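This is target_8.pdb (PDB, C-alpha atoms and all ligand atoms).
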ATOM      1  CA  MET F   1     -97.524 125.451 -33.349
ATOM      2  CA  HIS F   2     -96.631 128.935 -34.607
ATOM      3  CA  ALA F   3     -94.378 129.500 -37.591
ATOM      4  CA  PRO F   4     -90.780 130.298 -36.639
ATOM      5  CA  SER F   5     -90.049 134.016 -36.578
ATOM      6  CA  ALA F   6     -87.950 135.557 -39.311
ATOM      7  CA  PRO F   7     -84.200 135.933 -38.702
ATOM      8  CA  ILE F   8     -83.003 139.267 -37.290
ATOM      9  CA  LEU F   9     -80.006 140.580 -39.214
ATOM     10  CA  CYS F  10     -77.697 143.075 -37.500
ATOM     11  CA  SER F  11     -74.784 144.340 -39.543
ATOM     12  CA  PHE F  12     -71.870 146.396 -38.194
ATOM     13  CA  ALA F  13     -69.371 148.660 -39.895
ATOM     14  CA  ASN F  14     -66.364 146.788 -38.609
ATOM     15  CA  SER F  15     -65.221 143.887 -36.536
ATOM     16  CA  ASP F  16     -64.754 145.907 -33.317
ATOM     17  CA  GLU F  17     -68.372 147.077 -33.390
ATOM     18  CA  LEU F  18     -69.540 143.564 -34.139
ATOM     19  CA  VAL F  19     -67.574 142.039 -31.268
ATOM     20  CA  GLU F  20     -68.719 144.713 -28.809
ATOM     21  CA  SER F  21     -72.392 144.497 -29.794
ATOM     22  CA  LEU F  22     -72.304 140.708 -29.679
ATOM     23  CA  ALA F  23     -70.936 140.909 -26.144
ATOM     24  CA  HIS F  24     -73.800 143.232 -25.117
ATOM     25  CA  PHE F  25     -76.339 140.920 -26.703
ATOM     26  CA  ILE F  26     -74.918 137.906 -24.866
ATOM     27  CA  ILE F  27     -74.834 139.729 -21.522
ATOM     28  CA  LYS F  28     -78.460 140.762 -21.945
ATOM     29  CA  ALA F  29     -79.473 137.165 -22.692
ATOM     30  CA  GLN F  30     -77.452 135.988 -19.700
ATOM     31  CA  LYS F  31     -79.163 138.489 -17.368
ATOM     32  CA  GLU F  32     -82.610 137.363 -18.460
ATOM     33  CA  SER F  33     -81.749 133.684 -18.000
ATOM     34  CA  VAL F  34     -80.010 134.116 -14.659
ATOM     35  CA  GLN F  35     -82.878 136.200 -13.315
ATOM     36  CA  ARG F  36     -85.388 133.594 -14.402
ATOM     37  CA  LYS F  37     -83.621 130.383 -13.359
ATOM     38  CA  GLY F  38     -80.200 131.149 -11.894
ATOM     39  CA  LYS F  39     -78.095 129.896 -14.798
ATOM     40  CA  PHE F  40     -77.244 130.465 -18.441
ATOM     41  CA  THR F  41     -76.945 127.515 -20.818
ATOM     42  CA  VAL F  42     -74.864 128.175 -23.910
ATOM     43  CA  ALA F  43     -73.518 126.153 -26.829
ATOM     44  CA  VAL F  44     -70.559 127.385 -28.868
ATOM     45  CA  SER F  45     -68.956 126.193 -32.067
ATOM     46  CA  GLY F  46     -65.446 126.485 -33.459
ATOM     47  CA  GLY F  47     -63.956 128.283 -36.450
ATOM     48  CA  SER F  48     -63.625 132.032 -36.056
ATOM     49  CA  LEU F  49     -66.382 132.256 -33.451
ATOM     50  CA  PRO F  50     -64.377 131.884 -30.194
ATOM     51  CA  GLN F  51     -62.235 134.875 -31.118
ATOM     52  CA  GLN F  52     -65.324 136.959 -31.777
ATOM     53  CA  LEU F  53     -66.406 136.411 -28.206
ATOM     54  CA  ASN F  54     -63.475 138.351 -26.836
ATOM     55  CA  GLY F  55     -65.681 141.387 -26.169
ATOM     56  CA  LEU F  56     -66.830 139.419 -23.107
ATOM     57  CA  ILE F  57     -63.370 139.370 -21.553
ATOM     58  CA  GLY F  58     -63.161 141.672 -18.551
ATOM     59  CA  LYS F  59     -66.800 142.834 -18.754
ATOM     60  CA  PRO F  60     -68.165 143.056 -15.206
ATOM     61  CA  GLY F  61     -71.697 142.133 -16.358
ATOM     62  CA  VAL F  62     -70.641 138.590 -17.262
ATOM     63  CA  LYS F  63     -71.478 136.147 -14.470
ATOM     64  CA  TRP F  64     -69.183 133.340 -15.551
ATOM     65  CA  ASP F  65     -70.090 131.139 -12.595
ATOM     66  CA  LYS F  66     -73.671 131.006 -13.909
ATOM     67  CA  TRP F  67     -72.662 129.766 -17.363
ATOM     68  CA  GLN F  68     -73.009 126.120 -18.393
ATOM     69  CA  VAL F  69     -71.266 125.641 -21.711
ATOM     70  CA  PHE F  70     -71.515 122.857 -24.282
ATOM     71  CA  TYR F  71     -70.023 122.585 -27.730
ATOM     72  CA  ALA F  72     -72.396 122.949 -30.681
ATOM     73  CA  ASP F  73     -69.915 120.767 -32.488
ATOM     74  CA  GLU F  74     -66.602 119.200 -31.640
ATOM     75  CA  ARG F  75     -63.886 117.368 -33.492
ATOM     76  CA  ILE F  76     -63.042 113.895 -32.215
ATOM     77  CA  VAL F  77     -59.454 114.560 -31.253
ATOM     78  CA  PRO F  78     -57.758 114.905 -27.857
ATOM     79  CA  LEU F  79     -58.859 118.016 -25.985
ATOM     80  CA  ASP F  80     -55.425 119.611 -26.270
ATOM     81  CA  HIS F  81     -55.138 118.890 -30.002
ATOM     82  CA  GLU F  82     -54.835 121.871 -32.332
ATOM     83  CA  ASP F  83     -58.059 120.793 -34.113
ATOM     84  CA  SER F  84     -60.108 120.625 -30.919
ATOM     85  CA  ASN F  85     -62.829 123.263 -30.534
ATOM     86  CA  HIS F  86     -62.394 123.010 -26.787
ATOM     87  CA  ASN F  87     -58.712 123.777 -27.195
ATOM     88  CA  LEU F  88     -59.565 126.730 -29.461
ATOM     89  CA  CYS F  89     -62.136 128.124 -27.025
ATOM     90  CA  THR F  90     -59.730 127.624 -24.114
ATOM     91  CA  THR F  91     -57.030 129.573 -25.922
ATOM     92  CA  HIS F  92     -59.292 132.450 -26.912
ATOM     93  CA  LEU F  93     -61.714 132.630 -24.033
ATOM     94  CA  TRP F  94     -61.864 130.179 -21.120
ATOM     95  CA  SER F  95     -58.230 130.749 -20.143
ATOM     96  CA  LYS F  96     -58.924 134.484 -19.933
ATOM     97  CA  VAL F  97     -62.070 134.507 -17.819
ATOM     98  CA  PRO F  98     -63.068 133.108 -14.422
ATOM     99  CA  ILE F  99     -65.367 130.347 -15.662
ATOM    100  CA  PRO F 100     -65.345 127.282 -13.386
ATOM    101  CA  LYS F 101     -63.668 124.448 -15.299
ATOM    102  CA  GLU F 102     -66.489 122.030 -14.577
ATOM    103  CA  HIS F 103     -68.966 124.393 -16.235
ATOM    104  CA  VAL F 104     -67.370 123.785 -19.628
ATOM    105  CA  HIS F 105     -68.684 120.425 -20.804
ATOM    106  CA  THR F 106     -66.221 118.673 -23.074
ATOM    107  CA  ILE F 107     -66.490 115.348 -24.832
ATOM    108  CA  ASP F 108     -65.224 112.595 -22.514
ATOM    109  CA  PRO F 109     -61.412 112.581 -22.837
ATOM    110  CA  ASN F 110     -61.277 108.962 -21.642
ATOM    111  CA  LEU F 111     -63.218 107.825 -24.683
ATOM    112  CA  ILE F 112     -61.162 109.682 -27.267
ATOM    113  CA  ASP F 113     -58.172 107.342 -27.197
ATOM    114  CA  ALA F 114     -60.387 104.376 -27.973
ATOM    115  CA  ALA F 115     -61.885 106.278 -30.880
ATOM    116  CA  SER F 116     -58.532 107.179 -32.341
ATOM    117  CA  ALA F 117     -57.108 103.716 -31.766
ATOM    118  CA  SER F 118     -59.591 102.119 -34.108
ATOM    119  CA  ASP F 119     -61.907 103.040 -36.937
ATOM    120  CA  ALA F 120     -64.733 101.349 -35.135
ATOM    121  CA  GLU F 121     -67.845 103.479 -35.228
ATOM    122  CA  ASP F 122     -68.774 101.979 -31.866
ATOM    123  CA  ALA F 123     -66.291 104.241 -30.160
ATOM    124  CA  LEU F 124     -67.758 107.310 -31.869
ATOM    125  CA  GLU F 125     -71.242 106.219 -30.932
ATOM    126  CA  GLU F 126     -70.090 105.909 -27.343
ATOM    127  CA  ILE F 127     -68.673 109.442 -27.343
ATOM    128  CA  ALA F 128     -71.908 110.832 -28.806
ATOM    129  CA  ASP F 129     -74.015 108.907 -26.273
ATOM    130  CA  ALA F 130     -71.879 110.108 -23.388
ATOM    131  CA  TYR F 131     -72.199 113.730 -24.532
ATOM    132  CA  GLU F 132     -75.941 113.336 -24.930
ATOM    133  CA  LYS F 133     -76.085 112.012 -21.349
ATOM    134  CA  GLU F 134     -74.117 115.030 -20.181
ATOM    135  CA  LEU F 135     -76.765 117.221 -21.809
ATOM    136  CA  ILE F 136     -79.601 115.188 -20.341
ATOM    137  CA  HIS F 137     -78.008 115.640 -16.926
ATOM    138  CA  GLU F 138     -77.811 119.410 -17.357
ATOM    139  CA  PHE F 139     -81.313 119.744 -18.731
ATOM    140  CA  ALA F 140     -82.817 117.127 -16.417
ATOM    141  CA  ASN F 141     -85.112 119.679 -14.829
ATOM    142  CA  LYS F 142     -86.563 120.466 -18.180
ATOM    143  CA  ASP F 143     -90.357 120.392 -18.059
ATOM    144  CA  SER F 144     -91.425 117.624 -20.308
ATOM    145  CA  ALA F 145     -89.713 119.048 -23.351
ATOM    146  CA  ARG F 146     -88.523 116.503 -25.841
ATOM    147  CA  PHE F 147     -85.349 118.502 -26.526
ATOM    148  CA  PRO F 148     -83.127 120.711 -24.387
ATOM    149  CA  ILE F 149     -83.842 124.427 -24.551
ATOM    150  CA  PHE F 150     -80.533 126.259 -24.645
ATOM    151  CA  ASP F 151     -80.649 129.900 -23.657
ATOM    152  CA  LEU F 152     -78.187 130.674 -26.445
ATOM    153  CA  ILE F 153     -76.482 128.742 -29.228
ATOM    154  CA  LEU F 154     -73.621 130.532 -30.981
ATOM    155  CA  LEU F 155     -72.847 129.360 -34.494
ATOM    156  CA  GLY F 156     -70.632 130.143 -37.451
ATOM    157  CA  VAL F 157     -71.348 129.456 -41.100
ATOM    158  CA  GLY F 158     -68.974 127.832 -43.569
ATOM    159  CA  PRO F 159     -68.559 128.889 -47.218
ATOM    160  CA  ASP F 160     -70.744 125.933 -48.251
ATOM    161  CA  GLY F 161     -73.513 127.020 -45.852
ATOM    162  CA  HIS F 162     -72.784 124.381 -43.201
ATOM    163  CA  THR F 163     -73.222 125.188 -39.579
ATOM    164  CA  ALA F 164     -72.057 123.308 -36.485
ATOM    165  CA  SER F 165     -71.139 120.015 -38.233
ATOM    166  CA  LEU F 166     -74.338 119.868 -40.275
ATOM    167  CA  PHE F 167     -73.336 119.721 -43.924
ATOM    168  CA  SER F 168     -75.403 120.021 -47.121
ATOM    169  CA  GLY F 169     -76.688 116.731 -48.457
ATOM    170  CA  HIS F 170     -75.765 114.808 -45.318
ATOM    171  CA  PRO F 171     -78.339 112.339 -43.949
ATOM    172  CA  LEU F 172     -77.924 113.999 -40.538
ATOM    173  CA  LEU F 173     -79.951 116.952 -41.828
ATOM    174  CA  SER F 174     -83.078 114.890 -41.315
ATOM    175  CA  GLU F 175     -82.196 113.561 -37.856
ATOM    176  CA  ASP F 176     -85.251 114.201 -35.718
ATOM    177  CA  ASP F 177     -84.625 112.133 -32.622
ATOM    178  CA  ARG F 178     -81.076 112.307 -31.288
ATOM    179  CA  TRP F 179     -79.685 115.312 -29.434
ATOM    180  CA  VAL F 180     -76.066 114.612 -30.364
ATOM    181  CA  ALA F 181     -74.784 112.730 -33.394
ATOM    182  CA  TYR F 182     -71.394 111.824 -34.825
ATOM    183  CA  ILE F 183     -70.196 112.016 -38.388
ATOM    184  CA  THR F 184     -67.217 110.322 -40.010
ATOM    185  CA  ASP F 185     -67.299 112.129 -43.341
ATOM    186  CA  SER F 186     -67.098 115.849 -42.630
ATOM    187  CA  PRO F 187     -66.035 117.602 -45.851
ATOM    188  CA  LYS F 188     -64.229 120.124 -43.637
ATOM    189  CA  PRO F 189     -61.378 118.308 -41.877
ATOM    190  CA  PRO F 190     -61.072 116.618 -39.535
ATOM    191  CA  ALA F 191     -63.618 114.089 -40.800
ATOM    192  CA  ARG F 192     -64.772 112.734 -37.443
ATOM    193  CA  ARG F 193     -66.933 115.067 -35.388
ATOM    194  CA  LEU F 194     -69.822 115.375 -32.984
ATOM    195  CA  THR F 195     -72.608 117.839 -33.529
ATOM    196  CA  LEU F 196     -75.816 119.002 -31.910
ATOM    197  CA  THR F 197     -78.684 118.076 -34.205
ATOM    198  CA  PHE F 198     -81.213 120.399 -35.844
ATOM    199  CA  PRO F 199     -84.007 119.681 -33.350
ATOM    200  CA  VAL F 200     -81.726 120.784 -30.516
ATOM    201  CA  ILE F 201     -80.598 123.913 -32.346
ATOM    202  CA  ASN F 202     -84.170 124.732 -33.337
ATOM    203  CA  HIS F 203     -85.466 124.422 -29.788
ATOM    204  CA  ALA F 204     -83.074 127.056 -28.447
ATOM    205  CA  ALA F 205     -84.419 130.303 -27.015
ATOM    206  CA  ARG F 206     -81.883 132.180 -29.125
ATOM    207  CA  VAL F 207     -79.449 131.201 -31.838
ATOM    208  CA  ALA F 208     -76.865 133.756 -32.925
ATOM    209  CA  PHE F 209     -74.817 133.318 -36.070
ATOM    210  CA  VAL F 210     -71.617 135.298 -36.256
ATOM    211  CA  ALA F 211     -69.950 135.909 -39.618
ATOM    212  CA  SER F 212     -67.480 138.460 -40.857
ATOM    213  CA  GLY F 213     -65.426 139.232 -43.938
ATOM    214  CA  ALA F 214     -66.068 139.547 -47.653
ATOM    215  CA  ASN F 215     -65.411 135.838 -48.158
ATOM    216  CA  LYS F 216     -68.774 135.166 -46.463
ATOM    217  CA  ALA F 217     -70.749 137.520 -48.764
ATOM    218  CA  ASP F 218     -71.956 134.913 -51.297
ATOM    219  CA  THR F 219     -72.836 132.432 -48.569
ATOM    220  CA  LEU F 220     -74.864 134.959 -46.601
ATOM    221  CA  GLN F 221     -76.671 136.042 -49.743
ATOM    222  CA  THR F 222     -77.789 132.474 -50.377
ATOM    223  CA  VAL F 223     -78.574 131.678 -46.747
ATOM    224  CA  LEU F 224     -80.632 134.807 -46.072
ATOM    225  CA  ASP F 225     -82.069 135.721 -49.481
ATOM    226  CA  LYS F 226     -82.644 132.224 -50.836
ATOM    227  CA  PRO F 227     -83.674 130.108 -47.865
ATOM    228  CA  GLU F 228     -85.598 127.878 -50.285
ATOM    229  CA  GLU F 229     -82.230 126.462 -51.378
ATOM    230  CA  GLY F 230     -82.170 124.794 -47.983
ATOM    231  CA  LEU F 231     -78.544 125.305 -46.994
ATOM    232  CA  PRO F 232     -77.970 124.008 -43.459
ATOM    233  CA  ALA F 233     -77.639 127.544 -42.040
ATOM    234  CA  SER F 234     -81.021 128.489 -43.590
ATOM    235  CA  ARG F 235     -82.610 125.576 -41.771
ATOM    236  CA  VAL F 236     -81.846 127.138 -38.422
ATOM    237  CA  ARG F 237     -85.302 128.524 -37.601
ATOM    238  CA  PRO F 238     -86.005 128.045 -33.897
ATOM    239  CA  ILE F 239     -89.591 127.279 -33.046
ATOM    240  CA  THR F 240     -91.572 130.109 -31.440
ATOM    241  CA  PRO F 241     -90.710 131.832 -29.139
ATOM    242  CA  GLY F 242     -87.126 131.032 -30.188
ATOM    243  CA  GLN F 243     -85.352 133.562 -32.363
ATOM    244  CA  VAL F 244     -82.396 133.455 -34.731
ATOM    245  CA  TYR F 245     -80.070 136.447 -35.024
ATOM    246  CA  TRP F 246     -77.263 137.182 -37.464
ATOM    247  CA  PHE F 247     -74.360 139.271 -36.172
ATOM    248  CA  VAL F 248     -72.289 140.141 -39.209
ATOM    249  CA  ASP F 249     -70.057 142.873 -40.533
ATOM    250  CA  ASP F 250     -70.931 144.993 -43.562
ATOM    251  CA  ALA F 251     -68.391 143.126 -45.701
ATOM    252  CA  ALA F 252     -70.127 139.805 -45.054
ATOM    253  CA  ALA F 253     -73.577 141.381 -45.617
ATOM    254  CA  SER F 254     -72.559 143.309 -48.750
ATOM    255  CA  LYS F 255     -74.617 141.148 -51.155
ATOM    256  CA  VAL F 256     -77.593 140.528 -48.889
ATOM    257  CA  GLN F 257     -80.969 142.138 -49.733
ATOM    258  CA  TYR F 258     -82.589 140.855 -46.546
ATOM    259  CA  PRO F 259     -83.539 143.805 -44.277
ATOM    260  CA  ARG F 260     -81.225 144.844 -41.472
ATOM    261  CA  THR F 261     -82.452 145.589 -37.989
ATOM    262  CA  PRO F 262     -80.619 148.331 -36.096
ATOM    263  CA  PHE F 263     -78.915 146.921 -33.018
ATOM    264  CA  GLU F 264     -79.941 148.645 -29.833
ATOM    265  CA  VAL F 265     -77.984 148.329 -26.629
ATOM    266  CA  LYS F 266     -80.424 148.451 -23.762
TER     267      LYS F 266
HETATM  268  O1  LIG O   1     -65.790 123.191 -35.767
HETATM  269  C1  LIG O   1     -66.135 123.704 -36.805
HETATM  270  O2  LIG O   1     -65.627 123.452 -37.889
HETATM  271  C2  LIG O   1     -67.186 124.760 -36.709
HETATM  272  O3  LIG O   1     -67.995 124.694 -35.634
HETATM  273  C3  LIG O   1     -67.862 125.130 -38.004
HETATM  274  O4  LIG O   1     -69.235 124.907 -38.072
HETATM  275  C4  LIG O   1     -67.564 126.609 -38.179
HETATM  276  O5  LIG O   1     -68.326 127.371 -37.278
HETATM  277  C5  LIG O   1     -67.804 127.053 -39.588
HETATM  278  O6  LIG O   1     -67.066 126.238 -40.455
HETATM  279  C6  LIG O   1     -67.404 128.494 -39.804
HETATM  280  O7  LIG O   1     -66.034 128.612 -39.593
HETATM  281  P1  LIG O   1     -65.307 130.016 -39.714
HETATM  282  O8  LIG O   1     -65.951 130.892 -38.720
HETATM  283  O9  LIG O   1     -63.864 129.728 -39.392
HETATM  284  O10 LIG O   1     -65.518 130.461 -41.129
END
Can you present the structure in this file as structure tokens?
Amino acid sequence: MHAPSAPILCSFANSDELVESLAHFIIKAQKESVQRKGKFTVAVSGGSLPQQLNGLIGKPGVKWDKWQVFYADERIVPLDHEDSNHNLCTTHLWSKVPIPKEHVHTIDPNLIDAASASDAEDALEEIADAYEKELIHEFANKDSARFPIFDLILLGVGPDGHTASLFSGHPLLSEDDRWVAYITDSPKPPARRLTLTFPVINHAARVAFVASGANKADTLQTVLDKPEEGLPASRVRPITPGQVYWFVDDAAASKVQYPRTPFEVK
């Protein structure tokens, strides 16, 4: 197996340029995937990311009916709860674009009540299993790959270097079997979450991190310049031919020595 390729860092003068370039990048990835196999499989996370996808709204190149969307991580709360990533993405994106509802794969709402009614981990396990089955169903035509190969996984990074719901020092960092796992002790509230695991993230064709603002400068410096520290975001290194990209603004990249790559819209 080849070594993973080095991250590609693209930094933009301001948030508008970042959002617009990210939209072009996503549309290009979508075109390649749709041409090759008629669909585009994407995973998205929460935080500030959904808002940074608003460059896609109204762009004629986006073939929303070809998208199949999963959540890179999700909080175990009802889907209309203010903490829900699905709710956040619906507010910022899905409600504004013609994506078929059934193409956005949520955690099973029928299982959430049981999980909130008790502290039993069984209920969380059941939600994680059901979401994994949903993924297996979508990726059923996968060759004989051990893990799904997403066309694109979109991630944010927290101040502590976490990504999706993969946190420093957590035993889940060494999960090498499951596709989806739950946690009950997220340091970032709410505590109970689902997350795609590292093997899934690192099998993707493309992973794009999106980060903006000066409050991300120290984190990016550690993640990109000191990968040996092993922060969760540094561990995102998709296996060849997968590629990880960083879409950031100059404020977030201000302390990073790692070389920038000019972004070209083709
Ligand atoms: O649901 C979540 O909590 C997120 O998926 C999480 O991984 C997020 O992406 C980072 O914490 C960055 O969040 P910000 O973009 O808001 O800094």
Name the residues that the PyMOL selection byres (((not hetatm)) within 9 of (chain O and resi 1)) picks from the file above, as a PyMOL selection string, using the file's chain letters and numbers.
chain F and resi 44-50+71-75+83-85+154-167+188-190+193+195+209-212+215-216
Could you state the separation of CA of Arg146 in chain F and CA of Glu228 in chain F in Å, given to one decimal place?
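Atom-to-atom, CA of Arg146 in chain F and CA of Glu228 in chain F are spaced 27.1 Å apart.
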Quick one: which residues end up in the PyMOL selection byres (((chain F and resi 217) around 6) and not hetatm) for this structure, as an MDAnalysis selection string?
chainID F and resid 214:216 218:220 252:253 255
Would you mind telling me which residue in F:Val200, F:Leu9, F:Ala181, F:Leu93 lies nearest to Asp129 in chain F when using all atoms listed in the file?
F:Ala181
Let me make sure I understand: among F:Ile26, F:Ile201, F:Leu196, F:Val256, which one has the smallest atom-to-atom distance to Phe40 in chain F if we use only C-alpha atoms?
F:Ile26
Name the closest residue to Ala130 in chain F among the candidates F:Gly55, F:Thr90, F:His170, F:Trp179; distances are taken between atoms, counting all atoms listed in the file.
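Closest residue, counting all atoms listed in the file: F:Trp179.
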If you count only C-alpha atoms, which residues fall within 9 Å of range 101-115 of chain F, apart from same-chain ones fewer than 3 positions away, as a ChimeraX atom specification?
/F:64-71,74,76-79,86,94,98,118-124,126-128,130-131,134-135,194
Report the distance between CA of Ala208 in chain F and CA of Ile153 in chain F in Å, rounded to one decimal place.
6.2 Å
Excluding Lys96 in chain F and its own-chain neighbours fewer than 5 positions away, which residues fall within 10 Å of it when counting all atoms listed in the file? Please give them as number ranges by chain.
F: 54, 56-58, 90-91
Please produce a file of the residues just selected, as a JSON list (two decimals), keeping the file's coordinate frame, where the atoms kept are C-alpha atoms.
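The resulting file, out_0.json, is shown below:
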[["chain", "number", "residue", "atom", "x", "y", "z"],
["F", 54, "ASN", "CA", -63.48, 138.35, -26.84],
["F", 56, "LEU", "CA", -66.83, 139.42, -23.11],
["F", 57, "ILE", "CA", -63.37, 139.37, -21.55],
["F", 58, "GLY", "CA", -63.16, 141.67, -18.55],
["F", 90, "THR", "CA", -59.73, 127.62, -24.11],
["F", 91, "THR", "CA", -57.03, 129.57, -25.92]]
Rounded to one decimal place, report the CA of Phe150 in chain F-CA of Arg206 in chain F distance in Å.
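Pair CA of Phe150 in chain F / CA of Arg206 in chain F returns 7.5 Å.
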For a quick check of understanding, using all atoms listed in the file, which of F:Gly38, F:Pro4, F:Pro100, F:Pro238 has the smallest distance to Pro199 in chain F?
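Closest to Pro199 in chain F of all the choices is F:Pro238.
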Using only C-alpha atoms, list the residues that have an atom at most 7 Å from (-89.2, 126.3, -31.2), coordinates as in the file, as a PyMOL selection string.
chain F and resi 4+202-204+238-242
Counting all atoms listed in the file, figure out which residue out of F:Arg36, F:His81, F:Lys133, F:Arg192 gets nearest to Arg178 in chain F.
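So, comparing all the options, the nearest one is F:Lys133.
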Run the PyMOL selection byres (((chain F and resi 265) around 9) and not hetatm) mentally over the shown coordinates, then write out the matched residues as a ChimeraX atom specification, using the chain letters and numbers from the document.
/F:21,24-25,28,263-264,266
Test item: which residues lie within 9 Å of (-80.7, 128.3, -42.3) counting all atoms listed in the file, as a list in words
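Within the cut-off we find Gly161, His162, Thr163, Val223, Leu224, Pro227, Gly230, Leu231, Pro232, Ala233, Ser234, Arg235, Val236 and Arg237 of chain F.
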Could you model N, CA and C atoms for range 103-126 of chain F and present them as an mmCIF file, in the frame of the given file?
data_model
loop_
_atom_site.group_PDB
_atom_site.id
_atom_site.type_symbol
_atom_site.label_atom_id
_atom_site.label_comp_id
_atom_site.auth_asym_id
_atom_site.auth_seq_id
_atom_site.Cartn_x
_atom_site.Cartn_y
_atom_site.Cartn_z
ATOM 1 N N HIS F 103 -67.805 123.854 -15.526
ATOM 2 C CA HIS F 103 -68.966 124.393 -16.235
ATOM 3 C C HIS F 103 -68.794 124.340 -17.753
ATOM 4 N N VAL F 104 -67.605 123.931 -18.185
ATOM 5 C CA VAL F 104 -67.370 123.785 -19.628
ATOM 6 C C VAL F 104 -67.401 122.295 -19.937
ATOM 7 N N HIS F 105 -68.448 121.865 -20.606
ATOM 8 C CA HIS F 105 -68.684 120.425 -20.804
ATOM 9 C C HIS F 105 -68.024 119.952 -22.089
ATOM 10 N N THR F 106 -66.967 119.182 -21.914
ATOM 11 C CA THR F 106 -66.221 118.673 -23.074
ATOM 12 C C THR F 106 -66.700 117.262 -23.408
ATOM 13 N N ILE F 107 -66.292 116.772 -24.566
ATOM 14 C CA ILE F 107 -66.490 115.348 -24.832
ATOM 15 C C ILE F 107 -65.593 114.590 -23.851
ATOM 16 N N ASP F 108 -65.940 113.348 -23.552
ATOM 17 C CA ASP F 108 -65.224 112.595 -22.514
ATOM 18 C C ASP F 108 -63.806 112.232 -22.991
ATOM 19 N N PRO F 109 -62.778 112.826 -22.354
ATOM 20 C CA PRO F 109 -61.412 112.581 -22.837
ATOM 21 C C PRO F 109 -61.005 111.109 -22.736
ATOM 22 N N ASN F 110 -61.637 110.377 -21.802
ATOM 23 C CA ASN F 110 -61.277 108.962 -21.642
ATOM 24 C C ASN F 110 -61.749 108.103 -22.813
ATOM 25 N N LEU F 111 -62.693 108.632 -23.568
ATOM 26 C CA LEU F 111 -63.218 107.825 -24.683
ATOM 27 C C LEU F 111 -62.515 108.147 -25.999
ATOM 28 N N ILE F 112 -61.746 109.239 -25.996
ATOM 29 C CA ILE F 112 -61.162 109.682 -27.267
ATOM 30 C C ILE F 112 -60.057 108.738 -27.746
ATOM 31 N N ASP F 113 -59.263 108.240 -26.810
ATOM 32 C CA ASP F 113 -58.172 107.342 -27.197
ATOM 33 C C ASP F 113 -58.712 106.125 -27.930
ATOM 34 N N ALA F 114 -59.794 105.565 -27.356
ATOM 35 C CA ALA F 114 -60.387 104.376 -27.973
ATOM 36 C C ALA F 114 -60.852 104.699 -29.390
ATOM 37 N N ALA F 115 -61.378 105.913 -29.557
ATOM 38 C CA ALA F 115 -61.885 106.278 -30.880
ATOM 39 C C ALA F 115 -60.755 106.467 -31.873
ATOM 40 N N SER F 116 -59.616 106.974 -31.386
ATOM 41 C CA SER F 116 -58.532 107.179 -32.341
ATOM 42 C C SER F 116 -57.745 105.895 -32.578
ATOM 43 N N ALA F 117 -57.847 104.967 -31.619
ATOM 44 C CA ALA F 117 -57.108 103.716 -31.766
ATOM 45 C C ALA F 117 -57.727 102.812 -32.840
ATOM 46 N N SER F 118 -58.968 103.005 -33.114
ATOM 47 C CA SER F 118 -59.591 102.119 -34.108
ATOM 48 C C SER F 118 -60.519 102.940 -34.989
ATOM 49 N N ASP F 119 -60.950 102.352 -36.086
ATOM 50 C CA ASP F 119 -61.907 103.040 -36.937
ATOM 51 C C ASP F 119 -63.327 102.671 -36.558
ATOM 52 N N ALA F 120 -63.423 101.870 -35.511
ATOM 53 C CA ALA F 120 -64.733 101.349 -35.135
ATOM 54 C C ALA F 120 -65.700 102.481 -34.827
ATOM 55 N N GLU F 121 -66.843 102.449 -35.470
ATOM 56 C CA GLU F 121 -67.845 103.479 -35.228
ATOM 57 C C GLU F 121 -68.430 103.363 -33.833
ATOM 58 N N ASP F 122 -68.253 102.164 -33.226
ATOM 59 C CA ASP F 122 -68.774 101.979 -31.866
ATOM 60 C C ASP F 122 -68.223 103.026 -30.910
ATOM 61 N N ALA F 123 -66.938 103.294 -31.072
ATOM 62 C CA ALA F 123 -66.291 104.241 -30.160
ATOM 63 C C ALA F 123 -66.873 105.645 -30.353
ATOM 64 N N LEU F 124 -67.184 105.987 -31.591
ATOM 65 C CA LEU F 124 -67.758 107.310 -31.869
ATOM 66 C C LEU F 124 -69.182 107.397 -31.308
ATOM 67 N N GLU F 125 -69.881 106.299 -31.475
ATOM 68 C CA GLU F 125 -71.242 106.219 -30.932
ATOM 69 C C GLU F 125 -71.204 106.430 -29.412
ATOM 70 N N GLU F 126 -70.198 105.809 -28.800
ATOM 71 C CA GLU F 126 -70.090 105.909 -27.343
ATOM 72 C C GLU F 126 -69.813 107.358 -26.910
#
